[in-house]
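Here is the structure we will look at.
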Amino acid sequence: MNQQRPFPQQFGTAGHTYIATLQTDQLGEVVILLKNQSTREFITIPVDKLEEVIKTLQAVKKALNVPSQYSQRRARVQEQYPRAFTRWLPEDETLLREGFTAGKSIRQLSILLGRNPSAIHARLRTMGLMGELQDADDPQWNTTRDNGLIDAYSDGLSIDELASRYKTSSEEIQQRLTKLAVL
């Protein structure tokens, strides 16, 4: 291996750090050099074989049944909210409508329906029971920020922690959560 090209990429896993570089070997072929920084072991992969290596690694991942980041996140969410990512049934919407009109909070409805609070909020908007709630005099609040606020509060962040995260006062956070029917 002689000529190194400017392509260092670093990644780590299980206490090991790997560096990937592009190099030209003694025969003039471009190769990828994967070097384990801990053990100093390395492998070379000819660039013209890269697609084949990627397909093989994908097949190994599939055979090992390694879940994607999305499916891992989905599983974590469903531990807390068993009906998350499932289709809304007519009876779910009936319970939601009845609970909301009876004055239940988003948090209470979330527990009742087994769904994420931001999903409850979104469904209430879809059903026309709750408006967009973007304040004309305070454009910092919109649906995306509201859903983040609802989720963070549901995950256990305190009013003061939310105020710090959203760079506003605790009173404003309290008012916003009340306006969103979370409190």
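For the structure tokens, the naming scheme is as follows: chains receive sequential letters (A, B, ...) according to their order of presentation, residues are indexed from 1 within each chain, and ligands are indexed from 1 in presentation order.
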
Give me the residues within 10 Å of Ala152 in chain A as a compact mmCIF listing (two decimals) with C-alpha atoms, in the first residue's frame, counting only C-alpha atoms and dropping any in the same chain fewer than 4 places off.
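The new file selection_18.txt reads:
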# COMPACT_ATOMS: atom_id res chain seq x y z
CA PRO A 117 -49.73 12.28 23.18
CA SER A 118 -48.65 13.95 19.93
CA ASP A 146 -46.30 21.69 20.14
CA ASN A 147 -45.88 17.98 19.42
CA GLY A 148 -42.29 18.09 20.67
CA GLY A 156 -41.26 13.16 32.19
CA LEU A 157 -39.46 16.47 31.65
CA SER A 158 -40.43 19.05 34.23
CA ILE A 159 -41.93 22.44 33.39
CA GLU A 161 -36.64 21.65 32.05
CA LEU A 162 -39.04 22.37 29.20
CA ARG A 165 -35.17 23.55 26.37

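Counting only C-alpha atoms, the residue from A:Lys179, A:His16, A:Arg76, A:His121 that sits nearest to Asn36 in chain A is A:His16.
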
Considering only C-alpha atoms, return as a VMD selection string whatever protein or nucleic-acid residues lie within 10 Å of Asp48 in chain A, sequence-local ones (same chain, fewer than 2 positions apart) excluded. chain A and resid 29 to 31 45 to 46 50 to 53

Dump of N, CA and C atoms for the selected residues, as a PDB file, in the first residue's frame:
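Final file, selection_4.pdb:
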ATOM      1  N   GLU A  29      -4.213  -0.621  -8.091  1.00  0.00           N
ATOM      2  CA  GLU A  29      -5.663  -0.738  -7.898  1.00  0.00           C
ATOM      3  C   GLU A  29      -6.093   0.075  -6.676  1.00  0.00           C
ATOM      4  N   VAL A  30      -7.233   0.734  -6.780  1.00  0.00           N
ATOM      5  CA  VAL A  30      -7.778   1.476  -5.641  1.00  0.00           C
ATOM      6  C   VAL A  30      -8.494   0.487  -4.725  1.00  0.00           C
ATOM      7  N   VAL A  31      -8.163   0.570  -3.429  1.00  0.00           N
ATOM      8  CA  VAL A  31      -8.756  -0.326  -2.445  1.00  0.00           C
ATOM      9  C   VAL A  31      -9.225   0.490  -1.247  1.00  0.00           C
ATOM     10  N   ILE A  45     -10.356  -4.030   0.726  1.00  0.00           N
ATOM     11  CA  ILE A  45     -11.477  -4.382  -0.146  1.00  0.00           C
ATOM     12  C   ILE A  45     -11.262  -3.661  -1.469  1.00  0.00           C
ATOM     13  N   PRO A  46     -11.108  -4.402  -2.556  1.00  0.00           N
ATOM     14  CA  PRO A  46     -10.977  -3.737  -3.857  1.00  0.00           C
ATOM     15  C   PRO A  46     -12.242  -2.940  -4.171  1.00  0.00           C
ATOM     16  N   LEU A  50     -16.756  -3.601  -4.211  1.00  0.00           N
ATOM     17  CA  LEU A  50     -17.502  -2.965  -3.130  1.00  0.00           C
ATOM     18  C   LEU A  50     -18.992  -3.311  -3.152  1.00  0.00           C
ATOM     19  N   GLU A  51     -19.624  -3.262  -4.315  1.00  0.00           N
ATOM     20  CA  GLU A  51     -21.056  -3.586  -4.403  1.00  0.00           C
ATOM     21  C   GLU A  51     -21.318  -5.010  -3.931  1.00  0.00           C
ATOM     22  N   GLU A  52     -20.458  -5.917  -4.304  1.00  0.00           N
ATOM     23  CA  GLU A  52     -20.584  -7.312  -3.893  1.00  0.00           C
ATOM     24  C   GLU A  52     -20.443  -7.448  -2.372  1.00  0.00           C
ATOM     25  N   VAL A  53     -19.486  -6.728  -1.794  1.00  0.00           N
ATOM     26  CA  VAL A  53     -19.275  -6.755  -0.346  1.00  0.00           C
ATOM     27  C   VAL A  53     -20.490  -6.178   0.374  1.00  0.00           C
TER      28      VAL A  53
END

If DSSP is run on the backbone, what residues of range 8-162 of chain A are alpha helix (DSSP H)? A reply as an MDAnalysis selection string would be ideal. chainID A and resid 50:63 69:80 90:101 106:113 117:126 143:154 159:162

Ranking A:Val47, A:Ser170, A:Phe85, A:Thr126 by minimum distance to Ser71 in chain A and counting only C-alpha atoms, which one comes first? A:Phe85

Pick out the closest residue to Pro90 in chain A from this set: A:Glu171, A:Met127, A:Trp141, A:Gln108. Count only C-alpha atoms. A:Met127
